[in-house]
Amino acid sequence: MRRHLHTVVSSPRGDRSWSRRALQLFVDGYRTQFPDAEVTSRDTTNLPHLSLAALSAGRTPLAEHTADQAAAFALQAEIVNEVEHCSHLLFATPMWNWSTPSSLKAWVDHFVNIRTFYGAPSVLAGKPVSVIISSGGLYSEGPQSVNDTLRPWFENFFARLGATEFAFLNCDPTGPMDWGGLDPDADDAAWTKVRRQIEQRLASVDR
Ligand SMILES: Cc1cc2nc3c(=O)[nH]c(=O)nc-3n(C[C@H](O)[C@H](O)[C@H](O)COP(=O)(O)O)c2cc1C
């Protein structure tokens, strides 16, 4: 199978986003290692929430879909196809209010449907998954980690959908770099930390 990295990005902060910058670093490293790899991307920031028509279509067997339901299912099908076709799934997301931005939750709500959880609950089995998380405070370790509901939420999602080979790549705390004047290249900066984790991940995954 040709290597195919699919990225799901969720920060609306453009060039100022640490998770997007880290994602770019990962993608650049991946392309250097595997020049033939395909790389695709889904930006969740403009995804709609599930409508009534979409949620009903997402729980009705495909063979029973009316024309309206087939149309309402189109975005869910697109999102599932993107994941099914990839060999490595990479998320890049901020922590917002101890959890995920609602647009990433909307992505999950589109992804979990009659073709996946209710049809093929192991859709992520055998696919390595990497998750870049940036947060203003330090949540990947230390005293605040008990308030981190984002990583446990991902872990539950992976367990329910069959992903067993996953890694969190932590870019935290970003606050000292954004507001505290900390040089991102300093040894103890979140940017330095995530760069090292990305290097380590790339050295071991998809070999
Ligand atoms: C709406 C919102 C909620 C946030 N909630 C948290 C939070 O719960 N914990 C935290 O440490 N930082 C929080 N932050 C700060 C972001 O996690 C931080 O700016 C991070 O770098 C954002 O990722 P990005 O740089 O990829 O956009 C929040 C920021 C915003 C805009």
# chains A, B, ... in the order shown; residues from 1 in each chain; ligands from 1

$ residues_around --residues "region 185-193 of chain A" --least-positions-apart "6" --cutoff "6 Å" --atoms "only C-alpha atoms" --output "list in words"
Cys171, Asp172 and Pro173 of chain A

$ closest_atom_pairs --of "chain A" --to "ligand 1" --cutoff "12 Å" --atoms "only C-alpha atoms and all ligand atoms" --output "tab-separated table"
residue	atom	partner	partner_atom_place_in_ligand_line	distance
A:Val9	CA	ligand 1	26 (O)	9.0
A:Ser10	CA	ligand 1	26 (O)	7.7
A:Ser11	CA	ligand 1	27 (O)	4.7
A:Pro12	CA	ligand 1	27 (O)	6.5
A:Arg13	CA	ligand 1	27 (O)	5.0
A:Gly14	CA	ligand 1	27 (O)	7.6
A:Asp15	CA	ligand 1	25 (O)	8.8
A:Arg16	CA	ligand 1	25 (O)	6.3
A:Ser17	CA	ligand 1	25 (O)	3.5
A:Trp18	CA	ligand 1	25 (O)	3.9
A:Ser19	CA	ligand 1	26 (O)	3.7
A:Arg20	CA	ligand 1	26 (O)	5.7
A:Arg21	CA	ligand 1	26 (O)	7.7
A:Ala22	CA	ligand 1	26 (O)	8.5
A:Leu23	CA	ligand 1	26 (O)	9.4
A:Gln24	CA	ligand 1	26 (O)	11.6
A:Thr45	CA	ligand 1	27 (O)	11.4
A:Phe91	CA	ligand 1	26 (O)	11.2
A:Ala92	CA	ligand 1	26 (O)	7.5
A:Thr93	CA	ligand 1	26 (O)	5.9
A:Pro94	CA	ligand 1	23 (O)	3.7
A:Met95	CA	ligand 1	17 (O)	4.4
A:Trp96	CA	ligand 1	5 (N)	3.5
A:Asn97	CA	ligand 1	8 (O)	3.2
A:Trp98	CA	ligand 1	8 (O)	3.7
A:Ser99	CA	ligand 1	8 (O)	6.6
A:Thr100	CA	ligand 1	8 (O)	8.9
A:Pro101	CA	ligand 1	1 (C)	7.7
A:Ser102	CA	ligand 1	1 (C)	9.9
A:Ser103	CA	ligand 1	1 (C)	11.8
A:Ile132	CA	ligand 1	26 (O)	8.9
A:Ile133	CA	ligand 1	23 (O)	7.4
A:Ser134	CA	ligand 1	23 (O)	4.7
A:Ser135	CA	ligand 1	17 (O)	3.2
A:Gly136	CA	ligand 1	12 (N)	3.7
A:Gly137	CA	ligand 1	11 (O)	3.5
A:Leu138	CA	ligand 1	11 (O)	6.3
A:Tyr139	CA	ligand 1	11 (O)	6.7
A:Ser140	CA	ligand 1	11 (O)	9.9
A:Glu141	CA	ligand 1	11 (O)	11.8
A:Gln144	CA	ligand 1	11 (O)	8.9
A:Ser145	CA	ligand 1	11 (O)	10.1
A:Asn147	CA	ligand 1	8 (O)	8.7
A:Asp148	CA	ligand 1	8 (O)	8.1
A:Thr149	CA	ligand 1	8 (O)	9.3
A:Leu150	CA	ligand 1	8 (O)	9.4
A:Asn170	CA	ligand 1	21 (O)	10.7
A:Cys171	CA	ligand 1	21 (O)	7.8
A:Asp172	CA	ligand 1	21 (O)	7.5
A:Pro173	CA	ligand 1	11 (O)	6.8
A:Thr174	CA	ligand 1	21 (O)	4.9
A:Gly175	CA	ligand 1	19 (O)	6.5
A:Pro176	CA	ligand 1	21 (O)	9.9
A:Met177	CA	ligand 1	21 (O)	9.0
A:Asp178	CA	ligand 1	19 (O)	7.7
A:Trp179	CA	ligand 1	19 (O)	9.7
A:Ala190	CA	ligand 1	21 (O)	9.7
A:Trp191	CA	ligand 1	21 (O)	10.4

$ write_last_selection --atoms "C-alpha atoms" --output "short mmCIF file (atom, residue, chain, number, x, y, z; two decimals), in the first residue's frame"
data_model
loop_
_atom_site.label_atom_id
_atom_site.label_comp_id
_atom_site.auth_asym_id
_atom_site.auth_seq_id
_atom_site.Cartn_x
_atom_site.Cartn_y
_atom_site.Cartn_z
CA VAL A 9 -6.35 20.27 11.50
CA SER A 10 -8.48 22.29 13.87
CA SER A 11 -6.88 25.59 14.87
CA PRO A 12 -8.36 28.72 13.27
CA ARG A 13 -5.22 30.71 14.16
CA GLY A 14 -3.46 30.30 10.81
CA ASP A 15 0.26 31.06 10.87
CA ARG A 16 0.15 31.89 14.58
CA SER A 17 -1.06 28.39 15.47
CA TRP A 18 1.52 26.17 17.16
CA SER A 19 -0.39 23.00 16.31
CA ARG A 20 -0.46 23.98 12.63
CA ARG A 21 3.25 24.81 12.66
CA ALA A 22 4.01 21.48 14.30
CA LEU A 23 1.82 19.73 11.76
CA GLN A 24 3.78 21.37 8.94
CA THR A 45 -12.79 24.76 11.29
CA PHE A 91 -4.48 15.22 14.03
CA ALA A 92 -3.31 18.70 14.99
CA THR A 93 -5.50 20.47 17.49
CA PRO A 94 -5.47 23.11 20.20
CA MET A 95 -6.86 22.42 23.65
CA TRP A 96 -9.88 24.62 24.14
CA ASN A 97 -11.49 24.72 27.57
CA TRP A 98 -9.72 21.52 28.67
CA SER A 99 -11.04 19.65 25.65
CA THR A 100 -11.39 19.71 21.90
CA PRO A 101 -12.54 22.64 19.76
CA SER A 102 -16.15 21.94 18.79
CA SER A 103 -15.18 21.71 15.12
CA ILE A 132 -0.37 17.02 17.96
CA ILE A 133 -1.90 18.98 20.84
CA SER A 134 -1.03 22.56 21.73
CA SER A 135 -2.28 24.21 24.89
CA GLY A 136 -1.52 27.47 26.63
CA GLY A 137 -0.81 25.70 29.92
CA LEU A 138 1.08 22.49 30.66
CA TYR A 139 -1.40 19.59 30.54
CA SER A 140 0.56 16.69 29.02
CA GLU A 141 2.34 16.23 32.35
CA GLN A 144 -2.74 20.18 35.59
CA SER A 145 -2.82 16.85 33.70
CA ASN A 147 -7.81 18.46 34.23
CA ASP A 148 -6.94 17.33 30.71
CA THR A 149 -10.10 15.83 29.21
CA LEU A 150 -8.74 16.05 25.65
CA ASN A 170 2.70 17.62 22.94
CA CYS A 171 3.28 21.30 22.30
CA ASP A 172 2.65 22.76 25.74
CA PRO A 173 2.71 25.21 27.40
CA THR A 174 2.43 27.67 24.50
CA GLY A 175 1.52 30.59 26.83
CA PRO A 176 5.12 31.43 27.77
CA MET A 177 6.03 31.64 24.06
CA ASP A 178 2.92 33.63 23.06
CA TRP A 179 2.76 35.97 26.03
CA ALA A 190 7.10 23.79 24.13
CA TRP A 191 8.23 24.22 20.53
#

$ closest_residue --among "A:Ser87, A:Ser130, A:Thr66, A:Thr164" --to "Leu202 (chain A)" --atoms "only C-alpha atoms"
A:Ser130

$ select_by_dssp --residues "region 16-203 of chain A" --states "helix (DSSP H, G or I)" --output "MDAnalysis selection string"
chainID A and resid 16 18:33 44:46 52:57 62:64 67:72 74:85 102:111 143:147 150:161 175:178 190:203

$ write_last_selection --atoms "C-alpha atoms" --output "short mmCIF file (atom, residue, chain, number, x, y, z; two decimals), in the first residue's frame"
data_model
loop_
_atom_site.label_atom_id
_atom_site.label_comp_id
_atom_site.auth_asym_id
_atom_site.auth_seq_id
_atom_site.Cartn_x
_atom_site.Cartn_y
_atom_site.Cartn_z
CA ARG A 16 0.15 31.89 14.58
CA TRP A 18 1.52 26.17 17.16
CA SER A 19 -0.39 23.00 16.31
CA ARG A 20 -0.46 23.98 12.63
CA ARG A 21 3.25 24.81 12.66
CA ALA A 22 4.01 21.48 14.30
CA LEU A 23 1.82 19.73 11.76
CA GLN A 24 3.78 21.37 8.94
CA LEU A 25 7.02 20.16 10.54
CA PHE A 26 5.63 16.62 10.69
CA VAL A 27 4.43 16.77 7.08
CA ASP A 28 7.77 18.15 5.85
CA GLY A 29 9.65 15.42 7.72
CA TYR A 30 7.29 12.76 6.39
CA ARG A 31 7.74 13.98 2.82
CA THR A 32 11.52 13.99 3.21
CA GLN A 33 11.49 10.42 4.48
CA THR A 44 -12.35 21.07 10.51
CA THR A 45 -12.79 24.76 11.29
CA ASN A 46 -15.65 25.25 8.84
CA LEU A 52 -31.24 16.25 11.65
CA ALA A 53 -31.13 14.96 8.07
CA ALA A 54 -27.42 14.09 8.38
CA LEU A 55 -27.73 12.29 11.71
CA SER A 56 -30.70 10.27 10.52
CA ALA A 57 -28.84 9.33 7.30
CA LEU A 62 -26.87 2.75 3.04
CA ALA A 63 -29.02 0.37 0.97
CA GLU A 64 -32.15 1.96 2.49
CA ALA A 67 -32.17 10.27 -2.42
CA ASP A 68 -32.44 12.94 0.29
CA GLN A 69 -30.62 10.77 2.82
CA ALA A 70 -27.88 9.95 0.32
CA ALA A 71 -27.38 13.68 -0.20
CA ALA A 72 -27.40 14.33 3.55
CA ALA A 74 -22.37 12.97 1.41
CA LEU A 75 -20.10 14.84 3.83
CA GLN A 76 -19.93 11.90 6.23
CA ALA A 77 -19.01 9.62 3.32
CA GLU A 78 -16.29 12.05 2.22
CA ILE A 79 -14.79 12.16 5.72
CA VAL A 80 -14.87 8.38 6.08
CA ASN A 81 -13.33 7.88 2.62
CA GLU A 82 -10.47 10.21 3.52
CA VAL A 83 -9.62 8.16 6.59
CA GLU A 84 -10.18 4.78 4.96
CA HIS A 85 -7.77 5.63 2.16
CA SER A 102 -16.15 21.94 18.79
CA SER A 103 -15.18 21.71 15.12
CA LEU A 104 -13.06 18.63 15.83
CA LYS A 105 -15.95 17.14 17.79
CA ALA A 106 -18.12 17.85 14.72
CA TRP A 107 -15.55 15.93 12.62
CA VAL A 108 -15.92 12.94 14.96
CA ASP A 109 -19.70 13.24 14.82
CA HIS A 110 -19.51 13.03 11.02
CA PHE A 111 -16.98 10.20 11.10
CA PRO A 143 -0.33 18.82 38.24
CA GLN A 144 -2.74 20.18 35.59
CA SER A 145 -2.82 16.85 33.70
CA VAL A 146 -5.75 15.68 35.86
CA ASN A 147 -7.81 18.46 34.23
CA LEU A 150 -8.74 16.05 25.65
CA ARG A 151 -6.27 13.16 25.63
CA PRO A 152 -8.69 10.78 27.44
CA TRP A 153 -11.38 11.78 24.91
CA PHE A 154 -9.04 10.85 22.03
CA GLU A 155 -8.10 7.60 23.77
CA ASN A 156 -11.73 6.61 24.12
CA PHE A 157 -12.41 7.44 20.49
CA PHE A 158 -9.41 5.34 19.40
CA ALA A 159 -10.44 2.41 21.60
CA ARG A 160 -13.98 2.43 20.21
CA LEU A 161 -12.83 2.64 16.59
CA GLY A 175 1.52 30.59 26.83
CA PRO A 176 5.12 31.43 27.77
CA MET A 177 6.03 31.64 24.06
CA ASP A 178 2.92 33.63 23.06
CA ALA A 190 7.10 23.79 24.13
CA TRP A 191 8.23 24.22 20.53
CA THR A 192 11.57 22.55 21.24
CA LYS A 193 9.74 19.75 23.04
CA VAL A 194 7.30 19.03 20.22
CA ARG A 195 10.05 19.22 17.59
CA ARG A 196 11.91 16.45 19.44
CA GLN A 197 8.77 14.35 19.77
CA ILE A 198 8.02 14.71 16.06
CA GLU A 199 11.56 13.65 15.18
CA GLN A 200 11.23 10.58 17.42
CA ARG A 201 7.84 9.67 16.00
CA LEU A 202 9.05 9.99 12.43
CA ALA A 203 12.06 7.83 13.23
#

$ atom_distance --atom1 "CA of Leu89 (chain A)" --atom2 "CA of Val8 (chain A)"
7.8 Å

$ atom_distance --atom1 "CA of Lys127 (chain A)" --atom2 "CA of Ser51 (chain A)"
29.2 Å

$ residues_around --residues "Ser122 (chain A)" --least-positions-apart "3" --cutoff "9 Å" --atoms "only C-alpha atoms" --output "list of chain:residue names"
A:Thr116, A:Phe117, A:Gly119, A:Ala125, A:Gly126, A:Arg160, A:Leu161, A:Gly162, A:Ala163

$ write_last_selection --atoms "N, CA and C atoms" --output "PDB file, in the first residue's frame"
ATOM      1  N   THR A 116     -18.968   3.227   9.815  1.00  0.00           N
ATOM      2  CA  THR A 116     -17.823   3.020  10.705  1.00  0.00           C
ATOM      3  C   THR A 116     -18.291   2.338  11.995  1.00  0.00           C
ATOM      4  N   PHE A 117     -18.567   3.112  13.010  1.00  0.00           N
ATOM      5  CA  PHE A 117     -18.887   2.538  14.318  1.00  0.00           C
ATOM      6  C   PHE A 117     -20.041   1.536  14.253  1.00  0.00           C
ATOM      7  N   GLY A 119     -21.020  -0.056  11.583  1.00  0.00           N
ATOM      8  CA  GLY A 119     -20.835  -1.020  10.505  1.00  0.00           C
ATOM      9  C   GLY A 119     -19.492  -1.717  10.600  1.00  0.00           C
ATOM     10  N   ALA A 125      -8.282   0.166  12.819  1.00  0.00           N
ATOM     11  CA  ALA A 125      -7.330  -0.896  13.178  1.00  0.00           C
ATOM     12  C   ALA A 125      -6.174  -0.923  12.183  1.00  0.00           C
ATOM     13  N   GLY A 126      -4.980  -1.059  12.713  1.00  0.00           N
ATOM     14  CA  GLY A 126      -3.805  -1.173  11.838  1.00  0.00           C
ATOM     15  C   GLY A 126      -3.308   0.145  11.273  1.00  0.00           C
ATOM     16  N   ARG A 160     -12.694   2.838  20.777  1.00  0.00           N
ATOM     17  CA  ARG A 160     -13.984   2.433  20.210  1.00  0.00           C
ATOM     18  C   ARG A 160     -13.909   2.182  18.712  1.00  0.00           C
ATOM     19  N   LEU A 161     -12.930   2.779  18.056  1.00  0.00           N
ATOM     20  CA  LEU A 161     -12.830   2.640  16.592  1.00  0.00           C
ATOM     21  C   LEU A 161     -11.650   1.766  16.166  1.00  0.00           C
ATOM     22  N   GLY A 162     -10.961   1.182  17.136  1.00  0.00           N
ATOM     23  CA  GLY A 162      -9.970   0.157  16.794  1.00  0.00           C
ATOM     24  C   GLY A 162      -8.536   0.620  16.633  1.00  0.00           C
ATOM     25  N   ALA A 163      -8.243   1.883  16.903  1.00  0.00           N
ATOM     26  CA  ALA A 163      -6.847   2.341  16.764  1.00  0.00           C
ATOM     27  C   ALA A 163      -6.046   1.914  17.987  1.00  0.00           C
TER      28      ALA A 163
END

$ closest_residue --among "A:Gly180, A:Asp36, A:Leu169, A:Arg42" --to "Val129 (chain A)" --atoms "only C-alpha atoms"
A:Leu169

$ atom_distance --atom1 "CA of His6 (chain A)" --atom2 "CA of His65 (chain A)"
28.2 Å

$ select_by_dssp --residues "region 22-100 of chain A" --states "strand (DSSP E or B)" --output "ChimeraX atom specification"
/A:38-43,88-94,96,99

$ write_last_selection --atoms "N, CA and C atoms" --output "CSV table (one decimal), in the first residue's frame"
chain,number,residue,atom,x,y,z
A,38,GLU,N,1.6,10.2,-0.4
A,38,GLU,CA,0.5,11.2,-0.7
A,38,GLU,C,0.2,11.8,0.7
A,39,VAL,N,-0.1,13.1,0.6
A,39,VAL,CA,-0.5,13.9,1.8
A,39,VAL,C,-1.8,14.6,1.5
A,40,THR,N,-2.8,14.4,2.3
A,40,THR,CA,-4.1,15.1,2.1
A,40,THR,C,-4.5,15.7,3.4
A,41,SER,N,-5.4,16.7,3.4
A,41,SER,CA,-5.7,17.4,4.6
A,41,SER,C,-7.2,17.8,4.7
A,42,ARG,N,-7.7,17.7,5.9
A,42,ARG,CA,-9.1,18.2,6.2
A,42,ARG,C,-9.0,19.2,7.3
A,43,ASP,N,-9.5,20.4,7.0
A,43,ASP,CA,-9.6,21.5,7.9
A,43,ASP,C,-11.0,21.4,8.6
A,88,HIS,N,-1.8,6.6,7.5
A,88,HIS,CA,-1.4,7.2,8.7
A,88,HIS,C,-2.3,8.4,8.9
A,89,LEU,N,-2.9,8.5,10.1
A,89,LEU,CA,-3.8,9.6,10.4
A,89,LEU,C,-3.1,10.6,11.4
A,90,LEU,N,-3.1,11.9,11.0
A,90,LEU,CA,-2.4,12.8,11.9
A,90,LEU,C,-3.4,14.0,12.3
A,91,PHE,N,-3.7,14.1,13.5
A,91,PHE,CA,-4.5,15.2,14.0
A,91,PHE,C,-3.6,16.3,14.5
A,92,ALA,N,-4.0,17.6,14.4
A,92,ALA,CA,-3.3,18.7,15.0
A,92,ALA,C,-4.4,19.6,15.6
A,93,THR,N,-4.4,19.7,16.9
A,93,THR,CA,-5.5,20.5,17.5
A,93,THR,C,-5.0,21.3,18.7
A,94,PRO,N,-5.7,22.4,18.9
A,94,PRO,CA,-5.5,23.1,20.2
A,94,PRO,C,-6.3,22.4,21.3
A,96,TRP,N,-9.0,23.5,23.8
A,96,TRP,CA,-9.9,24.6,24.1
A,96,TRP,C,-10.7,24.2,25.3
A,99,SER,N,-10.6,20.7,26.5
A,99,SER,CA,-11.0,19.6,25.7
A,99,SER,C,-10.8,20.0,24.2

$ decode --residues "region 113-124 of chain A" --atoms "N, CA and C atoms" --output "mmCIF file, in the first residue's frame"
data_model
loop_
_atom_site.group_PDB
_atom_site.id
_atom_site.type_symbol
_atom_site.label_atom_id
_atom_site.label_comp_id
_atom_site.auth_asym_id
_atom_site.auth_seq_id
_atom_site.Cartn_x
_atom_site.Cartn_y
_atom_site.Cartn_z
ATOM 1 N N ASN A 113 -20.458 6.783 12.092
ATOM 2 C CA ASN A 113 -21.755 6.622 11.426
ATOM 3 C C ASN A 113 -21.959 5.161 11.006
ATOM 4 N N ILE A 114 -22.953 4.939 10.182
ATOM 5 C CA ILE A 114 -23.356 3.587 9.791
ATOM 6 C C ILE A 114 -22.225 2.820 9.085
ATOM 7 N N ARG A 115 -21.308 3.541 8.439
ATOM 8 C CA ARG A 115 -20.206 2.864 7.749
ATOM 9 C C ARG A 115 -19.050 2.537 8.687
ATOM 10 N N THR A 116 -18.968 3.227 9.815
ATOM 11 C CA THR A 116 -17.823 3.020 10.705
ATOM 12 C C THR A 116 -18.291 2.338 11.995
ATOM 13 N N PHE A 117 -18.567 3.112 13.010
ATOM 14 C CA PHE A 117 -18.887 2.538 14.318
ATOM 15 C C PHE A 117 -20.041 1.536 14.253
ATOM 16 N N TYR A 118 -21.085 1.864 13.467
ATOM 17 C CA TYR A 118 -22.260 0.982 13.402
ATOM 18 C C TYR A 118 -22.135 -0.065 12.300
ATOM 19 N N GLY A 119 -21.020 -0.056 11.583
ATOM 20 C CA GLY A 119 -20.835 -1.020 10.505
ATOM 21 C C GLY A 119 -19.492 -1.717 10.600
ATOM 22 N N ALA A 120 -18.437 -0.937 10.759
ATOM 23 C CA ALA A 120 -17.081 -1.489 10.817
ATOM 24 C C ALA A 120 -16.351 -0.810 11.965
ATOM 25 N N PRO A 121 -16.636 -1.262 13.204
ATOM 26 C CA PRO A 121 -16.090 -0.544 14.367
ATOM 27 C C PRO A 121 -14.569 -0.577 14.464
ATOM 28 N N SER A 122 -13.915 -1.384 13.613
ATOM 29 C CA SER A 122 -12.447 -1.421 13.662
ATOM 30 C C SER A 122 -11.838 -0.648 12.510
ATOM 31 N N VAL A 123 -12.535 0.362 12.060
ATOM 32 C CA VAL A 123 -12.091 1.093 10.870
ATOM 33 C C VAL A 123 -10.671 1.668 11.033
ATOM 34 N N LEU A 124 -10.263 1.939 12.259
ATOM 35 C CA LEU A 124 -8.917 2.506 12.464
ATOM 36 C C LEU A 124 -7.868 1.435 12.785
#
